[in-house]
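Chemist: This is start_39.tsv (TSV, N, CA and C atoms).
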```tsv
chain	number	residue	atom	x	y	z
A	1	MET	N	-10.10	-10.78	17.77
A	1	MET	CA	-10.50	-9.70	16.88
A	1	MET	C	-9.27	-8.96	16.38
A	2	HIS	N	-9.39	-8.49	15.16
A	2	HIS	CA	-8.30	-7.69	14.61
A	2	HIS	C	-8.90	-6.56	13.78
A	3	LYS	N	-8.03	-5.65	13.38
A	3	LYS	CA	-8.46	-4.49	12.60
A	3	LYS	C	-7.63	-4.37	11.33
A	4	SER	N	-8.25	-3.74	10.32
A	4	SER	CA	-7.53	-3.43	9.09
A	4	SER	C	-8.20	-2.25	8.41
A	5	ARG	N	-7.48	-1.67	7.46
A	5	ARG	CA	-8.01	-0.54	6.69
A	5	ARG	C	-7.17	-0.34	5.44
A	6	LEU	N	-7.74	0.37	4.49
A	6	LEU	CA	-6.96	0.80	3.34
A	6	LEU	C	-5.89	1.73	3.85
A	7	GLY	N	-4.65	1.40	3.60
A	7	GLY	CA	-3.56	2.20	4.13
A	7	GLY	C	-2.91	3.09	3.10
A	8	GLN	N	-2.45	2.48	2.01
A	8	GLN	CA	-1.69	3.22	1.02
A	8	GLN	C	-2.13	2.83	-0.39
A	9	ILE	N	-1.97	3.79	-1.29
A	9	ILE	CA	-2.05	3.53	-2.71
A	9	ILE	C	-0.63	3.64	-3.22
A	10	ILE	N	-0.14	2.57	-3.82
A	10	ILE	CA	1.24	2.52	-4.28
A	10	ILE	C	1.24	2.64	-5.79
A	11	ILE	N	1.95	3.64	-6.29
A	11	ILE	CA	2.11	3.80	-7.73
A	11	ILE	C	3.47	3.24	-8.09
A	12	ASP	N	3.45	2.03	-8.67
A	12	ASP	CA	4.68	1.34	-9.08
A	12	ASP	C	5.14	1.92	-10.41
A	13	CYS	N	6.36	2.42	-10.45
A	13	CYS	CA	6.89	3.05	-11.65
A	13	CYS	C	8.15	2.32	-12.12
A	14	GLN	N	8.10	1.79	-13.32
A	14	GLN	CA	9.29	1.20	-13.92
A	14	GLN	C	10.07	2.36	-14.52
A	15	THR	N	11.05	2.85	-13.77
A	15	THR	CA	11.76	4.07	-14.14
A	15	THR	C	13.14	4.09	-13.51
A	16	ASP	N	14.02	4.86	-14.10
A	16	ASP	CA	15.32	5.12	-13.49
A	16	ASP	C	15.31	6.41	-12.69
A	17	ASP	N	14.22	7.18	-12.79
A	17	ASP	CA	14.13	8.48	-12.13
A	17	ASP	C	12.84	8.58	-11.31
A	18	VAL	N	12.86	7.99	-10.12
A	18	VAL	CA	11.66	7.97	-9.28
A	18	VAL	C	11.26	9.38	-8.84
A	19	GLU	N	12.22	10.27	-8.71
A	19	GLU	CA	11.88	11.65	-8.31
A	19	GLU	C	11.10	12.37	-9.40
A	20	ARG	N	11.43	12.12	-10.66
A	20	ARG	CA	10.67	12.72	-11.77
A	20	ARG	C	9.22	12.24	-11.73
A	21	GLU	N	9.03	10.94	-11.51
A	21	GLU	CA	7.68	10.38	-11.44
A	21	GLU	C	6.93	10.94	-10.23
A	22	ALA	N	7.63	11.05	-9.11
A	22	ALA	CA	7.01	11.60	-7.90
A	22	ALA	C	6.61	13.06	-8.11
A	23	ALA	N	7.43	13.82	-8.81
A	23	ALA	CA	7.10	15.23	-9.08
A	23	ALA	C	5.81	15.32	-9.90
A	24	PHE	N	5.68	14.45	-10.89
A	24	PHE	CA	4.45	14.44	-11.68
A	24	PHE	C	3.24	14.16	-10.80
A	25	TRP	N	3.30	13.05	-10.04
A	25	TRP	CA	2.16	12.65	-9.23
A	25	TRP	C	1.88	13.65	-8.10
A	26	ALA	N	2.90	14.23	-7.52
A	26	ALA	CA	2.70	15.24	-6.49
A	26	ALA	C	1.95	16.44	-7.06
A	27	SER	N	2.35	16.88	-8.24
A	27	SER	CA	1.65	18.00	-8.88
A	27	SER	C	0.22	17.62	-9.26
A	28	ALA	N	0.05	16.41	-9.77
A	28	ALA	CA	-1.29	15.96	-10.18
A	28	ALA	C	-2.24	15.86	-9.00
A	29	LEU	N	-1.72	15.47	-7.84
A	29	LEU	CA	-2.56	15.22	-6.67
A	29	LEU	C	-2.53	16.34	-5.63
A	30	GLY	N	-1.72	17.38	-5.86
A	30	GLY	CA	-1.63	18.47	-4.89
A	30	GLY	C	-0.98	18.03	-3.61
A	31	ALA	N	0.09	17.25	-3.70
A	31	ALA	CA	0.76	16.70	-2.53
A	31	ALA	C	2.22	17.17	-2.48
A	32	ARG	N	2.83	16.96	-1.32
A	32	ARG	CA	4.25	17.31	-1.14
A	32	ARG	C	5.07	16.03	-1.11
A	33	PRO	N	6.05	15.89	-2.04
A	33	PRO	CA	6.86	14.67	-2.06
A	33	PRO	C	7.95	14.67	-0.99
A	34	GLU	N	8.24	13.48	-0.48
A	34	GLU	CA	9.34	13.30	0.47
A	34	GLU	C	10.06	12.00	0.13
A	35	ARG	N	11.30	12.10	-0.26
A	35	ARG	CA	12.10	10.91	-0.57
A	35	ARG	C	12.43	10.24	0.74
A	36	VAL	N	12.05	8.97	0.89
A	36	VAL	CA	12.29	8.26	2.15
A	36	VAL	C	13.28	7.11	1.99
A	37	ALA	N	13.57	6.71	0.77
A	37	ALA	CA	14.54	5.65	0.49
A	37	ALA	C	14.88	5.70	-0.99
A	38	ASP	N	15.84	4.92	-1.38
A	38	ASP	CA	16.25	4.90	-2.78
A	38	ASP	C	15.09	4.63	-3.73
A	39	ARG	N	14.20	3.73	-3.34
A	39	ARG	CA	13.09	3.32	-4.21
A	39	ARG	C	11.77	4.01	-3.92
A	40	TYR	N	11.67	4.76	-2.82
A	40	TYR	CA	10.37	5.25	-2.37
A	40	TYR	C	10.33	6.77	-2.19
A	41	VAL	N	9.21	7.35	-2.66
A	41	VAL	CA	8.89	8.75	-2.37
A	41	VAL	C	7.46	8.76	-1.85
A	42	TRP	N	7.27	9.30	-0.66
A	42	TRP	CA	5.93	9.42	-0.09
A	42	TRP	C	5.36	10.77	-0.48
A	43	LEU	N	4.09	10.77	-0.84
A	43	LEU	CA	3.40	12.02	-1.16
A	43	LEU	C	2.51	12.37	0.01
A	44	HIS	N	2.76	13.53	0.59
A	44	HIS	CA	1.97	13.97	1.74
A	44	HIS	C	0.82	14.82	1.23
A	45	GLY	N	-0.39	14.30	1.42
A	45	GLY	CA	-1.61	15.01	1.06
A	45	GLY	C	-2.37	15.36	2.32
A	46	LYS	N	-3.67	15.39	2.19
A	46	LYS	CA	-4.52	15.68	3.35
A	46	LYS	C	-4.53	14.49	4.31
A	47	PRO	N	-4.59	14.76	5.62
A	47	PRO	CA	-4.51	13.68	6.62
A	47	PRO	C	-5.60	12.61	6.49
A	48	ASN	N	-6.78	12.97	6.00
A	48	ASN	CA	-7.87	12.00	5.93
A	48	ASN	C	-7.85	11.17	4.64
A	49	GLU	N	-6.89	11.40	3.76
A	49	GLU	CA	-6.77	10.64	2.51
A	49	GLU	C	-5.81	9.48	2.69
A	50	PRO	N	-5.98	8.42	1.89
A	50	PRO	CA	-4.97	7.35	1.93
A	50	PRO	C	-3.61	7.91	1.54
A	51	GLN	N	-2.56	7.35	2.10
A	51	GLN	CA	-1.22	7.76	1.72
A	51	GLN	C	-0.96	7.29	0.30
A	52	VAL	N	-0.24	8.10	-0.46
A	52	VAL	CA	0.20	7.71	-1.80
A	52	VAL	C	1.71	7.59	-1.75
A	53	ILE	N	2.22	6.47	-2.24
A	53	ILE	CA	3.65	6.21	-2.26
A	53	ILE	C	4.06	5.90	-3.70
A	54	ILE	N	5.11	6.56	-4.15
A	54	ILE	CA	5.69	6.27	-5.45
A	54	ILE	C	6.83	5.29	-5.22
A	55	GLN	N	6.82	4.19	-5.96
A	55	GLN	CA	7.81	3.12	-5.75
A	55	GLN	C	8.48	2.79	-7.09
A	56	ARG	N	9.79	2.81	-7.10
A	56	ARG	CA	10.54	2.39	-8.29
A	56	ARG	C	10.56	0.87	-8.30
A	57	VAL	N	10.17	0.27	-9.44
A	57	VAL	CA	10.09	-1.19	-9.55
A	57	VAL	C	10.76	-1.67	-10.83
A	58	GLU	N	11.03	-2.96	-10.88
A	58	GLU	CA	11.58	-3.59	-12.08
A	58	GLU	C	10.48	-4.12	-12.99
A	59	HIS	N	9.32	-4.49	-12.42
A	59	HIS	CA	8.21	-5.00	-13.24
A	59	HIS	C	7.48	-3.86	-13.92
A	60	GLU	N	6.46	-4.18	-14.70
A	60	GLU	CA	5.72	-3.15	-15.41
A	60	GLU	C	5.07	-2.16	-14.44
A	61	SER	N	4.87	-0.95	-14.90
A	61	SER	CA	4.22	0.07	-14.08
A	61	SER	C	2.76	-0.32	-13.85
A	62	ARG	N	2.29	-0.09	-12.63
A	62	ARG	CA	0.91	-0.38	-12.26
A	62	ARG	C	0.62	0.30	-10.94
A	63	VAL	N	-0.60	0.21	-10.50
A	63	VAL	CA	-1.01	0.76	-9.20
A	63	VAL	C	-1.53	-0.40	-8.35
A	64	HIS	N	-1.18	-0.41	-7.08
A	64	HIS	CA	-1.77	-1.40	-6.17
A	64	HIS	C	-2.06	-0.72	-4.83
A	65	ILE	N	-2.82	-1.41	-4.00
A	65	ILE	CA	-3.12	-0.88	-2.67
A	65	ILE	C	-2.42	-1.72	-1.62
A	66	ASP	N	-2.21	-1.11	-0.46
A	66	ASP	CA	-1.76	-1.81	0.73
A	66	ASP	C	-2.91	-1.78	1.74
A	67	ILE	N	-3.20	-2.92	2.32
A	67	ILE	CA	-4.15	-2.99	3.44
A	67	ILE	C	-3.30	-3.13	4.69
A	68	GLU	N	-3.44	-2.16	5.60
A	68	GLU	CA	-2.66	-2.23	6.84
A	68	GLU	C	-3.50	-2.87	7.93
A	69	THR	N	-2.82	-3.58	8.84
A	69	THR	CA	-3.52	-4.35	9.86
A	69	THR	C	-2.72	-4.41	11.16
A	70	ASP	N	-3.44	-4.65	12.24
A	70	ASP	CA	-2.78	-4.85	13.53
A	70	ASP	C	-2.53	-6.32	13.82
A	71	ASP	N	-3.03	-7.23	12.97
A	71	ASP	CA	-2.79	-8.67	13.12
A	71	ASP	C	-2.59	-9.26	11.73
A	72	PHE	N	-1.34	-9.31	11.36
A	72	PHE	CA	-0.94	-9.69	10.01
A	72	PHE	C	-1.52	-11.05	9.59
A	73	ASP	N	-1.31	-12.08	10.39
A	73	ASP	CA	-1.75	-13.43	10.03
A	73	ASP	C	-3.27	-13.53	9.95
A	74	ALA	N	-3.97	-12.89	10.88
A	74	ALA	CA	-5.43	-12.94	10.87
A	74	ALA	C	-5.99	-12.24	9.62
A	75	GLU	N	-5.38	-11.15	9.22
A	75	GLU	CA	-5.88	-10.44	8.04
A	75	GLU	C	-5.64	-11.25	6.77
A	76	VAL	N	-4.49	-11.89	6.66
A	76	VAL	CA	-4.23	-12.74	5.49
A	76	VAL	C	-5.26	-13.88	5.44
A	77	ARG	N	-5.53	-14.52	6.57
A	77	ARG	CA	-6.53	-15.60	6.61
A	77	ARG	C	-7.92	-15.07	6.24
A	78	ARG	N	-8.28	-13.88	6.74
A	78	ARG	CA	-9.59	-13.30	6.42
A	78	ARG	C	-9.72	-13.08	4.91
A	79	LEU	N	-8.69	-12.53	4.31
A	79	LEU	CA	-8.73	-12.25	2.88
A	79	LEU	C	-8.71	-13.54	2.05
A	80	GLU	N	-8.00	-14.55	2.51
A	80	GLU	CA	-8.04	-15.86	1.84
A	80	GLU	C	-9.46	-16.42	1.89
A	81	GLY	N	-10.14	-16.24	3.02
A	81	GLY	CA	-11.51	-16.70	3.16
A	81	GLY	C	-12.47	-16.00	2.20
A	82	LEU	N	-12.11	-14.80	1.78
A	82	LEU	CA	-12.92	-14.05	0.82
A	82	LEU	C	-12.59	-14.42	-0.63
A	83	GLY	N	-11.56	-15.24	-0.81
A	83	GLY	CA	-11.20	-15.68	-2.15
A	83	GLY	C	-9.88	-15.20	-2.68
A	84	ALA	N	-9.15	-14.39	-1.91
A	84	ALA	CA	-7.83	-13.94	-2.33
A	84	ALA	C	-6.82	-15.07	-2.17
A	85	GLY	N	-5.72	-14.96	-2.88
A	85	GLY	CA	-4.66	-15.95	-2.75
A	85	GLY	C	-3.33	-15.29	-2.44
A	86	VAL	N	-2.49	-16.00	-1.73
A	86	VAL	CA	-1.15	-15.50	-1.44
A	86	VAL	C	-0.28	-15.73	-2.67
A	87	VAL	N	0.39	-14.66	-3.12
A	87	VAL	CA	1.31	-14.74	-4.25
A	87	VAL	C	2.74	-14.92	-3.75
A	88	GLU	N	3.09	-14.16	-2.70
A	88	GLU	CA	4.46	-14.19	-2.22
A	88	GLU	C	4.53	-13.64	-0.79
A	89	HIS	N	5.26	-14.34	0.07
A	89	HIS	CA	5.55	-13.84	1.41
A	89	HIS	C	6.86	-13.06	1.33
A	90	ARG	N	6.85	-11.83	1.77
A	90	ARG	CA	8.05	-11.02	1.85
A	90	ARG	C	8.39	-10.81	3.33
A	91	LYS	N	9.51	-10.20	3.60
A	91	LYS	CA	9.94	-10.02	4.99
A	91	LYS	C	8.94	-9.19	5.80
A	92	ARG	N	8.43	-8.08	5.21
A	92	ARG	CA	7.57	-7.17	5.96
A	92	ARG	C	6.16	-7.06	5.40
A	93	TRP	N	5.81	-7.87	4.39
A	93	TRP	CA	4.46	-7.82	3.82
A	93	TRP	C	4.18	-9.12	3.08
A	94	VAL	N	2.90	-9.29	2.72
A	94	VAL	CA	2.48	-10.42	1.89
A	94	VAL	C	1.83	-9.85	0.64
A	95	VAL	N	2.27	-10.32	-0.52
A	95	VAL	CA	1.64	-9.96	-1.78
A	95	VAL	C	0.50	-10.94	-2.00
A	96	MET	N	-0.69	-10.40	-2.27
A	96	MET	CA	-1.86	-11.24	-2.48
A	96	MET	C	-2.49	-10.87	-3.82
A	97	ALA	N	-3.38	-11.74	-4.28
A	97	ALA	CA	-4.14	-11.47	-5.51
A	97	ALA	C	-5.62	-11.64	-5.20
A	98	ALA	N	-6.40	-10.66	-5.65
A	98	ALA	CA	-7.86	-10.73	-5.54
A	98	ALA	C	-8.36	-11.85	-6.47
A	99	PRO	N	-9.60	-12.30	-6.30
A	99	PRO	CA	-10.11	-13.35	-7.18
A	99	PRO	C	-9.97	-13.02	-8.68
A	100	SER	N	-10.06	-11.76	-9.04
A	100	SER	CA	-9.93	-11.38	-10.45
A	100	SER	C	-8.50	-11.06	-10.85
A	101	GLY	N	-7.54	-11.26	-9.93
A	101	GLY	CA	-6.13	-11.16	-10.29
A	101	GLY	C	-5.38	-9.91	-9.87
A	102	GLN	N	-6.08	-8.85	-9.44
A	102	GLN	CA	-5.36	-7.64	-9.03
A	102	GLN	C	-4.48	-7.94	-7.83
A	103	ARG	N	-3.27	-7.43	-7.89
A	103	ARG	CA	-2.33	-7.61	-6.79
A	103	ARG	C	-2.54	-6.53	-5.74
A	104	PHE	N	-2.33	-6.90	-4.48
A	104	PHE	CA	-2.33	-5.95	-3.37
A	104	PHE	C	-1.46	-6.53	-2.28
A	105	CYS	N	-1.12	-5.71	-1.29
A	105	CYS	CA	-0.25	-6.16	-0.21
A	105	CYS	C	-0.94	-5.99	1.14
A	106	VAL	N	-0.61	-6.87	2.06
A	106	VAL	CA	-1.02	-6.75	3.46
A	106	VAL	C	0.24	-6.35	4.22
A	107	VAL	N	0.13	-5.26	4.98
A	107	VAL	CA	1.28	-4.70	5.70
A	107	VAL	C	0.89	-4.44	7.15
A	108	LYS	N	1.88	-4.31	8.00
A	108	LYS	CA	1.63	-3.91	9.40
A	108	LYS	C	1.11	-2.48	9.42
A	109	LYS	N	0.32	-2.16	10.42
A	109	LYS	CA	-0.22	-0.80	10.54
A	109	LYS	C	0.92	0.21	10.56
A	110	ARG	N	0.71	1.32	9.87
A	110	ARG	CA	1.74	2.35	9.73
A	110	ARG	C	1.27	3.73	10.16
A	111	ARG	N	0.02	4.02	9.88
A	111	ARG	CA	-0.44	5.39	10.07
A	111	ARG	C	-0.83	5.64	11.52
A	112	PRO	N	-0.54	6.83	12.01
A	112	PRO	CA	-0.83	7.13	13.42
A	112	PRO	C	-2.32	7.11	13.75
A	113	ASP	N	-3.19	7.32	12.76
A	113	ASP	CA	-4.63	7.33	13.01
A	113	ASP	C	-5.28	5.98	12.69
A	114	PHE	N	-4.48	4.93	12.65
A	114	PHE	CA	-4.99	3.60	12.30
A	114	PHE	C	-6.20	3.21	13.15
A	115	GLU	N	-6.07	3.24	14.45
A	115	GLU	CA	-7.13	2.80	15.36
A	115	GLU	C	-8.43	3.55	15.12
A	116	GLU	N	-8.32	4.83	14.87
A	116	GLU	CA	-9.50	5.69	14.71
A	116	GLU	C	-10.29	5.35	13.46
A	117	HIS	N	-9.63	4.86	12.41
A	117	HIS	CA	-10.30	4.68	11.12
A	117	HIS	C	-10.37	3.23	10.63
A	118	ALA	N	-9.89	2.28	11.42
A	118	ALA	CA	-9.84	0.89	10.98
A	118	ALA	C	-11.19	0.18	11.13
A	119	ASN	N	-11.39	-0.83	10.30
A	119	ASN	CA	-12.52	-1.75	10.45
A	119	ASN	C	-12.13	-2.81	11.46
A	120	GLN	N	-13.11	-3.28	12.23
A	120	GLN	CA	-12.84	-4.34	13.20
A	120	GLN	C	-13.48	-5.63	12.69
A	121	TRP	N	-12.74	-6.74	12.76
A	121	TRP	CA	-13.19	-8.02	12.23
A	121	TRP	C	-13.21	-9.06	13.35
A	122	GLY	N	-14.14	-9.98	13.23
A	122	GLY	CA	-14.19	-11.12	14.15
A	122	GLY	C	-14.98	-10.81	15.37
```
Starting from the coordinates I provided, produce the structure as structure tokens.

Modeler:
Amino acid sequence: MHKSRLGQIIIDCQTDDVEREAAFWASALGARPERVADRYVWLHGKPNEPQVIIQRVEHESRVHIDIETDDFDAEVRRLEGLGAGVVEHRKRWVVMAAPSGQRFCVVKKRRPDFEEHANQWG
């Protein structure tokens, strides 16, 4: 058995100024921005909401979700069984595509309340 849950909403921004984009989204969502790396700004909102992360990217701007899990391989297999496909294996995540083409990522569990709010599979 393994667990997974909606972990993060990632706002991919094709920009040279990720802090400007984060300031916009933080104001729009009532969150507090925190720069955590060159490419990433985390927006801290209410604890029961999904995390929102602003990410500087080279591809077109878009929004995607991260599904966090305690068993990476089992979650990828489960999602493949539902019709998703693997687009790319990265070092710390897998990029997948839903049957209709939307991209999303499977990542290791990150949030401290993961166990409390995760779905259990198998």

Chemist: Would you list the contacts of Lys3 (chain A) as an NGL selection string, taking every protein, DNA or RNA residue within 8 Å and counting all atoms listed in the file, but skipping same-chain residues closer than 6 positions in sequence?

Modeler: :A and (68-72 or 74-75 or 114-115 or 118-122)

Chemist: Got a sec to tell me which of chain A DSSP assigns to helix (DSSP H, G or I), as a VMD selection string?

Modeler: chain A and resid 18 to 29 72 to 81 114 to 117

Chemist: As a PyMOL selection string, which residues of region 26-99 of chain A does DSSP assign to strand (DSSP E)?

Modeler: chain A and resi 32-35+40-44+51-56+62-69+85-89+93-97

Chemist: Between A:Cys13, A:Ala26, A:Ala37, A:Val94, which is the closest to Gln51 (chain A) once you count only C-alpha atoms?

Modeler: A:Ala26

Chemist: Using Å and a single decimal, report how far CA of Arg110 (chain A) sits from CA of Gly45 (chain A).

Modeler: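 If I compute the distance from CA of Gly45 (chain A) to CA of Arg110 (chain A), I get 15.7 Å.
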